[in-house]
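A.B. asks: One structure is given below, represented as structure tokens, and several questions about it will come after.
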Amino acid sequence: MAAGVAYPALTIDRAPQRVAFVASYAPSLTGFRGPLIREIIARGHKLLCAAPDFDDQTRSKLMGWGAETYTIPLGRTGLNPLRDLATARALTKLFTDWRPDLVMGYTPKPAIYATLAARKAGVPRIIPMITGLGYAFLEGGGVKRKIIRRVMAVLYARAFSASHGVIFHNNEDCGVFAELGLLPEGLPVTVVRGSGVDLAHFSRCPLPSLDDGVTFLMIARLVGYKGVEEYCQAAGMLANLGVKARWLLVGPPETGPAGFPLSELRKYEDVVTYLGSSKDVRQHLRQCHVYVLPSYGEGMPRTVLEALATGRPIITTRTRGCRETVLEGVNGFLVPIRDAESLAAAMRNFLDKPDLIGAMAPESRKLAEGEFDVAHVNKAMLKALGLDARAPA
């Protein structure tokens, strides 16, 4: 399935549309969807952004762009029938009152519950976006995860049956759902290159001096499936060899079932410097020489795209979503998931041959420009949403 192509194209009214985006994390609306939101509003459409956890800065920025905001009850992690029912009811009421022409929910819960609520409220066009398959669909797992996976598969099947199209962030995720029989025959499908990256906002930055050794950086929520423990373990292996290097970790704590506890992270505090969460990761990308994300699977890892645009070599995993960001040996290295030793070996490449950093850095920027420019991604998104033509003034 070709990236950025919809099958088949939707035919819609070109009058101004009332569009609702539903997210599970409010800052993602400005951080990940900002250029798309601004473009939709610039085209003459009205936009409502719904999420559970607006802070003043996020709300103010969205309203400054011309969007409306609405707080919804939504638990981002875990399956709680009563809480999820409250989410669905709140969204149904919101859509009934606001009367959108188009609803797009993204990340697992909004993709499911916003879609089902929109169908119940009679929304004429519903197009969820699958930004990644999430914890439930990772390889392996015990009985509990298998049960969650079955429940999620049923919910996704119902949501797709209520949809008029679906957007995926990579071909492999689309393939997984197709193999499971979750996608109705004839449902229009679009595959885009993740969220894309704003090449002006994440401009290419000079590499820092190597006088104090190589600096590695990982940016991620503190969840196990992002590979936090493998990153820490690999850093510990190399530190024990007495190499001259620094390991930085940036990201918010996670209290859900997949969270990597801060108590565990403290075991590595002599090696890995944890900098907490950050509202602007560019300052951290400027400090590093090599960006690392040992994730078990992604839709398309946004932080890697930002590191590519900044001009940093990448170490990530040979799994769906992640592998698309690295040309092996050209702009970085791919390693198996859950393999701290292989991760340490990939890091060692840069420690033993620091010239690789300068050689790979421009290749990362070139890949960002050629494959992940947010302008190209948003063009495909607007077409899939039926918003590619400007509304009449």
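Ordered as shown in the structure tokens, chains take letters A, B, and onward, while each chain numbers its residues from 1 and ligands are numbered from 1 in the order shown.
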Show me, as a tab-separated table, the residues of range 262-331 of chain A having an atom within 9 Å of range 222-239 of chain A, each with the closest atom pair and its distance in Å, using only C-alpha atoms.
C.D. replies:
residue	atom	partner	partner_atom	distance
A:Leu262	CA	A:Leu222	CA	8.3
A:Glu264	CA	A:Glu229	CA	8.6
A:Leu265	CA	A:Glu229	CA	7.9
A:Tyr268	CA	A:Cys232	CA	6.4
A:Asp270	CA	A:Gly236	CA	8.8
A:Val271	CA	A:Gly236	CA	6.2
A:Val272	CA	A:Cys232	CA	6.5
A:Val292	CA	A:Tyr231	CA	8.0
A:Leu293	CA	A:Gly227	CA	7.0
A:Pro294	CA	A:Gly227	CA	4.7
A:Ser295	CA	A:Lys226	CA	4.0
A:Tyr296	CA	A:Tyr225	CA	5.3
A:Gly297	CA	A:Tyr225	CA	7.6
A:Glu298	CA	A:Lys226	CA	8.8
A.B. asks: Take the residues that were just selected and, keeping N, CA and C atoms, output them as a short mmCIF file (atom, residue, chain, number, x, y, z; two decimals), in the first residue's frame.
C.D. replies:
data_model
loop_
_atom_site.label_atom_id
_atom_site.label_comp_id
_atom_site.auth_asym_id
_atom_site.auth_seq_id
_atom_site.Cartn_x
_atom_site.Cartn_y
_atom_site.Cartn_z
N LEU A 262 9.98 5.25 38.54
CA LEU A 262 11.12 6.10 38.86
C LEU A 262 12.07 5.40 39.84
N GLU A 264 12.92 2.33 39.74
CA GLU A 264 13.82 1.52 38.92
C GLU A 264 14.85 2.40 38.22
N LEU A 265 14.39 3.55 37.75
CA LEU A 265 15.29 4.46 37.05
C LEU A 265 16.43 4.93 37.96
N TYR A 268 19.94 3.48 38.03
CA TYR A 268 20.91 3.81 36.98
C TYR A 268 21.37 5.26 37.05
N ASP A 270 23.68 6.82 38.46
CA ASP A 270 25.11 7.11 38.36
C ASP A 270 25.58 7.13 36.90
N VAL A 271 24.75 6.60 36.01
CA VAL A 271 25.13 6.52 34.59
C VAL A 271 24.24 7.38 33.72
N VAL A 272 22.93 7.23 33.91
CA VAL A 272 21.95 7.94 33.07
C VAL A 272 21.43 9.17 33.79
N VAL A 292 18.79 8.02 20.45
CA VAL A 292 18.53 6.60 20.67
C VAL A 292 17.07 6.38 21.06
N LEU A 293 16.40 5.44 20.40
CA LEU A 293 15.05 5.04 20.81
C LEU A 293 14.91 3.53 20.61
N PRO A 294 15.07 2.74 21.69
CA PRO A 294 15.00 1.27 21.58
C PRO A 294 13.57 0.75 21.73
N SER A 295 12.61 1.39 21.09
CA SER A 295 11.19 1.07 21.24
C SER A 295 10.86 -0.32 20.72
N TYR A 296 9.79 -0.92 21.29
CA TYR A 296 9.34 -2.23 20.82
C TYR A 296 8.40 -2.12 19.62
N GLY A 297 8.01 -0.91 19.26
CA GLY A 297 7.11 -0.73 18.12
C GLY A 297 6.42 0.62 18.20
N GLU A 298 6.30 1.32 17.08
CA GLU A 298 5.70 2.65 17.02
C GLU A 298 4.84 2.76 15.77
#
A.B. asks: DSSP on the backbone, then: every residue of range 135-331 of chain A marked strand (DSSP E), written as a PDB file with C-alpha atoms, in the first residue's frame.
C.D. replies:
ATOM      1  CA  VAL A 166      -8.962   5.471   8.328  1.00  0.00           C
ATOM      2  CA  ILE A 167      -5.445   6.927   8.426  1.00  0.00           C
ATOM      3  CA  PHE A 168      -2.398   4.883   9.468  1.00  0.00           C
ATOM      4  CA  VAL A 189      -7.310   3.734   3.798  1.00  0.00           C
ATOM      5  CA  THR A 190      -4.537   6.320   3.809  1.00  0.00           C
ATOM      6  CA  VAL A 191      -0.982   5.693   5.014  1.00  0.00           C
ATOM      7  CA  VAL A 214      29.860  11.389  22.934  1.00  0.00           C
ATOM      8  CA  THR A 215      26.447  12.374  24.302  1.00  0.00           C
ATOM      9  CA  PHE A 216      23.547   9.981  23.697  1.00  0.00           C
ATOM     10  CA  LEU A 217      19.943  11.091  24.160  1.00  0.00           C
ATOM     11  CA  MET A 218      16.628   9.285  24.512  1.00  0.00           C
ATOM     12  CA  ILE A 219      13.285  11.131  24.654  1.00  0.00           C
ATOM     13  CA  ALA A 245      30.327   9.364  27.204  1.00  0.00           C
ATOM     14  CA  ARG A 246      27.099  10.785  28.621  1.00  0.00           C
ATOM     15  CA  TRP A 247      23.596   9.299  28.519  1.00  0.00           C
ATOM     16  CA  LEU A 248      20.632  11.676  28.815  1.00  0.00           C
ATOM     17  CA  LEU A 249      16.985  10.674  29.259  1.00  0.00           C
ATOM     18  CA  VAL A 250      14.061  13.082  28.814  1.00  0.00           C
ATOM     19  CA  VAL A 272      21.952   7.937  33.070  1.00  0.00           C
ATOM     20  CA  THR A 273      21.038  11.573  33.703  1.00  0.00           C
ATOM     21  CA  TYR A 274      17.255  11.903  33.876  1.00  0.00           C
ATOM     22  CA  VAL A 290      23.407  10.516  18.749  1.00  0.00           C
ATOM     23  CA  TYR A 291      19.694   9.973  19.291  1.00  0.00           C
ATOM     24  CA  VAL A 292      18.528   6.596  20.670  1.00  0.00           C
ATOM     25  CA  LEU A 293      15.046   5.037  20.806  1.00  0.00           C
ATOM     26  CA  ILE A 314      19.894   7.486  14.974  1.00  0.00           C
ATOM     27  CA  ILE A 315      19.962   4.193  16.845  1.00  0.00           C
ATOM     28  CA  THR A 316      16.551   2.541  16.958  1.00  0.00           C
ATOM     29  CA  THR A 317      14.988  -0.880  16.658  1.00  0.00           C
TER      30      THR A 317
END
A.B. asks: I want to know what sits within 12 Å of Arg320 in chain A, based on only C-alpha atoms, with residues of the same chain fewer than 5 positions away left out; could you give that as a list in words?
C.D. replies: Thr131, Gly132, Leu133, Gly134, Phe137, Leu138, Glu139, His169, Asn170, Asn171, Glu172, Asp173, Cys174, Gly175, Val176, Gly194, Pro294, Ser295, Tyr296, Gly297, Glu298, Gly299, Met300, Pro301, Thr325, Val326, Leu334, Pro336 and Ile337 of chain A
A.B. asks: Please report, as a tab-separated table, each residue of range 44-106 of chain A lying at most 10 Å from range 119-125 of chain A, together with the nearest pair of atoms and the separation in Å rounded to one decimal; use only C-alpha atoms, and order rows by chain and ascending residue number.
C.D. replies:
residue	atom	partner	partner_atom	distance
A:Ala88	CA	A:Lys120	CA	9.8
A:Arg89	CA	A:Lys120	CA	9.8
A:Leu91	CA	A:Ala121	CA	8.9
A:Thr92	CA	A:Ala121	CA	5.7
A:Lys93	CA	A:Ala121	CA	7.7
A:Leu94	CA	A:Ala121	CA	8.8
A:Phe95	CA	A:Ala121	CA	6.0
A:Thr96	CA	A:Ala121	CA	5.2
A:Asp97	CA	A:Ala121	CA	9.0
A:Arg99	CA	A:Val123	CA	7.1
A:Pro100	CA	A:Val123	CA	6.3
A:Asp101	CA	A:Pro124	CA	5.7
A:Leu102	CA	A:Arg125	CA	4.7
A:Val103	CA	A:Arg125	CA	6.6
A:Met104	CA	A:Arg125	CA	8.9
A.B. asks: Write the residues of the preceding selection, restricted to N, CA and C atoms, as a PDB file, in the first residue's frame.
C.D. replies:
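Below is the file that was written, again12.pdb:
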ATOM      1  N   ALA A  88     -17.357   7.858  26.391  1.00  0.00           N
ATOM      2  CA  ALA A  88     -18.220   7.723  25.218  1.00  0.00           C
ATOM      3  C   ALA A  88     -19.463   8.605  25.342  1.00  0.00           C
ATOM      4  N   ARG A  89     -20.058   8.644  26.538  1.00  0.00           N
ATOM      5  CA  ARG A  89     -21.252   9.465  26.739  1.00  0.00           C
ATOM      6  C   ARG A  89     -20.926  10.947  26.598  1.00  0.00           C
ATOM      7  N   LEU A  91     -18.517  12.305  24.859  1.00  0.00           N
ATOM      8  CA  LEU A  91     -18.240  12.611  23.460  1.00  0.00           C
ATOM      9  C   LEU A  91     -19.528  12.635  22.627  1.00  0.00           C
ATOM     10  N   THR A  92     -20.440  11.711  22.929  1.00  0.00           N
ATOM     11  CA  THR A  92     -21.723  11.710  22.208  1.00  0.00           C
ATOM     12  C   THR A  92     -22.471  13.013  22.435  1.00  0.00           C
ATOM     13  N   LYS A  93     -22.492  13.480  23.675  1.00  0.00           N
ATOM     14  CA  LYS A  93     -23.168  14.746  23.978  1.00  0.00           C
ATOM     15  C   LYS A  93     -22.463  15.912  23.283  1.00  0.00           C
ATOM     16  N   LEU A  94     -21.141  15.902  23.318  1.00  0.00           N
ATOM     17  CA  LEU A  94     -20.366  16.972  22.670  1.00  0.00           C
ATOM     18  C   LEU A  94     -20.695  17.051  21.184  1.00  0.00           C
ATOM     19  N   PHE A  95     -20.684  15.896  20.507  1.00  0.00           N
ATOM     20  CA  PHE A  95     -20.936  15.896  19.067  1.00  0.00           C
ATOM     21  C   PHE A  95     -22.390  16.234  18.743  1.00  0.00           C
ATOM     22  N   THR A  96     -23.301  15.815  19.605  1.00  0.00           N
ATOM     23  CA  THR A  96     -24.717  16.142  19.399  1.00  0.00           C
ATOM     24  C   THR A  96     -24.943  17.649  19.511  1.00  0.00           C
ATOM     25  N   ASP A  97     -24.254  18.264  20.477  1.00  0.00           N
ATOM     26  CA  ASP A  97     -24.419  19.705  20.696  1.00  0.00           C
ATOM     27  C   ASP A  97     -23.650  20.540  19.661  1.00  0.00           C
ATOM     28  N   ARG A  99     -22.291  19.520  16.704  1.00  0.00           N
ATOM     29  CA  ARG A  99     -22.682  19.103  15.359  1.00  0.00           C
ATOM     30  C   ARG A  99     -21.533  19.224  14.334  1.00  0.00           C
ATOM     31  N   PRO A 100     -20.458  18.477  14.538  1.00  0.00           N
ATOM     32  CA  PRO A 100     -19.366  18.501  13.561  1.00  0.00           C
ATOM     33  C   PRO A 100     -19.752  17.790  12.262  1.00  0.00           C
ATOM     34  N   ASP A 101     -19.097  18.201  11.169  1.00  0.00           N
ATOM     35  CA  ASP A 101     -19.230  17.510   9.886  1.00  0.00           C
ATOM     36  C   ASP A 101     -18.223  16.365   9.783  1.00  0.00           C
ATOM     37  N   LEU A 102     -17.134  16.480  10.546  1.00  0.00           N
ATOM     38  CA  LEU A 102     -16.045  15.505  10.479  1.00  0.00           C
ATOM     39  C   LEU A 102     -15.452  15.328  11.872  1.00  0.00           C
ATOM     40  N   VAL A 103     -15.216  14.074  12.258  1.00  0.00           N
ATOM     41  CA  VAL A 103     -14.544  13.766  13.525  1.00  0.00           C
ATOM     42  C   VAL A 103     -13.331  12.892  13.247  1.00  0.00           C
ATOM     43  N   MET A 104     -12.197  13.267  13.848  1.00  0.00           N
ATOM     44  CA  MET A 104     -11.002  12.427  13.799  1.00  0.00           C
ATOM     45  C   MET A 104     -10.459  12.269  15.215  1.00  0.00           C
TER      46      MET A 104
END
A.B. asks: With only C-alpha atoms as the atoms that count, which of A:Tyr156, A:Tyr113, A:Trp65, A:Tyr135 lies nearest to Ile41 in chain A?
C.D. replies: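 Answer, going by the shortest atom-to-atom distance: A:Trp65.
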A.B. asks: What's the 8 Å shell around Leu207 in chain A, counting only C-alpha atoms, without same-chain residues fewer than 2 positions away, as a ChimeraX atom specification?
C.D. replies: /A:205,209,286-289,312,358
A.B. asks: Between A:Ile40, A:Ala90, A:Val243, A:Ala51, which is the closest to Met347 in chain A once you count only C-alpha atoms?
C.D. replies: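 Among the listed residues, A:Val243 lies closest to Met347 in chain A.
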A.B. asks: Hey, which of A:Asn331, A:Ser277, A:Thr319, A:Thr69 ends up closest to Ile357 in chain A? Count only C-alpha atoms.
C.D. replies: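 Between A:Asn331, A:Ser277, A:Thr319, A:Thr69, the residue approaching Ile357 in chain A most closely is A:Asn331.
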A.B. asks: Give me the residues within 10 Å of Ala391 in chain A as a list in words, counting only C-alpha atoms and dropping any in the same chain fewer than 2 places off.
C.D. replies: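 After dropping sequence-adjacent residues, the list is Asp13, Arg14, Ala15, Pro16, Gln17, Ile40, Ile41, Ala42, Arg43, Gly44, His45, Leu387, Asp388, Ala389 and Ala393 of chain A.
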A.B. asks: In Å to one decimal, how far is CA of Leu241 in chain A from CA of Ala344 in chain A?
C.D. replies: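 If I compute the distance from CA of Ala344 in chain A to CA of Leu241 in chain A, I get 11.1 Å.
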A.B. asks: One decimal, Å: what's the distance from CA of Ala118 in chain A over to CA of Ala50 in chain A, could you say?
C.D. replies: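 Result for CA of Ala118 in chain A versus CA of Ala50 in chain A: 13.0 Å, one decimal.
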A.B. asks: Mind listing the helix (DSSP H, G or I) residues of range 84-240 of chain A, per DSSP on the backbone, as a ChimeraX atom specification?
C.D. replies: /A:84-98,108-120,135-137,143-161,171-179,224-226,228-239
A.B. asks: Please list as a compact mmCIF listing (two decimals) with N, CA and C atoms, in the first residue's frame every residue within 10 Å of Gly196 in chain A, counting only C-alpha atoms and excluding residues in the same chain fewer than 3 positions away.
C.D. replies:
# COMPACT_ATOMS: atom_id res chain seq x y z
N PHE A 32 2.13 17.92 18.01
CA PHE A 32 2.14 16.99 16.89
C PHE A 32 1.23 17.43 15.75
N ARG A 33 0.12 18.10 16.06
CA ARG A 33 -0.87 18.46 15.04
C ARG A 33 -0.92 19.94 14.74
N PRO A 35 0.79 22.26 12.88
CA PRO A 35 0.73 22.73 11.49
C PRO A 35 -0.55 22.32 10.78
N HIS A 169 -0.20 5.44 10.32
CA HIS A 169 1.11 6.07 10.29
C HIS A 169 2.19 5.19 9.67
N VAL A 192 0.24 7.59 5.92
CA VAL A 192 1.10 8.76 5.87
C VAL A 192 2.39 8.47 6.64
N ARG A 193 3.37 9.36 6.49
CA ARG A 193 4.67 9.17 7.14
C ARG A 193 4.65 9.78 8.54
N LEU A 199 10.31 21.20 9.44
CA LEU A 199 11.74 21.33 9.17
C LEU A 199 12.28 22.72 9.52
N MET A 300 4.96 5.84 14.04
CA MET A 300 6.12 6.48 13.45
C MET A 300 6.68 7.38 14.55
N PRO A 301 7.84 7.07 15.11
CA PRO A 301 8.31 7.76 16.32
C PRO A 301 8.61 9.23 16.08
N ARG A 302 7.79 10.09 16.65
CA ARG A 302 7.91 11.53 16.43
C ARG A 302 9.28 12.05 16.87
N LEU A 305 11.86 11.53 14.31
CA LEU A 305 11.73 12.46 13.19
C LEU A 305 12.34 13.82 13.55
N GLU A 306 12.14 14.25 14.78
CA GLU A 306 12.72 15.52 15.22
C GLU A 306 14.24 15.45 15.28
N ALA A 368 15.00 13.36 6.54
CA ALA A 368 13.86 14.14 7.04
C ALA A 368 13.27 14.99 5.93
N GLU A 369 14.12 15.63 5.14
CA GLU A 369 13.65 16.51 4.07
C GLU A 369 12.95 15.72 2.97
N GLU A 371 11.58 12.51 3.14
CA GLU A 371 10.51 11.56 3.48
C GLU A 371 9.51 12.06 4.52
N PHE A 372 9.92 12.98 5.40
CA PHE A 372 9.08 13.26 6.57
C PHE A 372 8.70 14.73 6.74
N ASP A 373 8.86 15.52 5.72
CA ASP A 373 8.47 16.93 5.77
C ASP A 373 6.99 17.04 6.11
N VAL A 374 6.65 17.79 7.17
CA VAL A 374 5.26 17.90 7.60
C VAL A 374 4.37 18.47 6.50
N ALA A 375 4.92 19.29 5.62
CA ALA A 375 4.11 19.85 4.54
C ALA A 375 3.59 18.74 3.62
N HIS A 376 4.43 17.75 3.33
CA HIS A 376 4.01 16.63 2.48
C HIS A 376 3.02 15.74 3.22
N VAL A 377 3.27 15.49 4.50
CA VAL A 377 2.38 14.65 5.29
C VAL A 377 1.00 15.29 5.41
N ASN A 378 0.98 16.59 5.70
CA ASN A 378 -0.30 17.27 5.88
C ASN A 378 -1.09 17.36 4.58
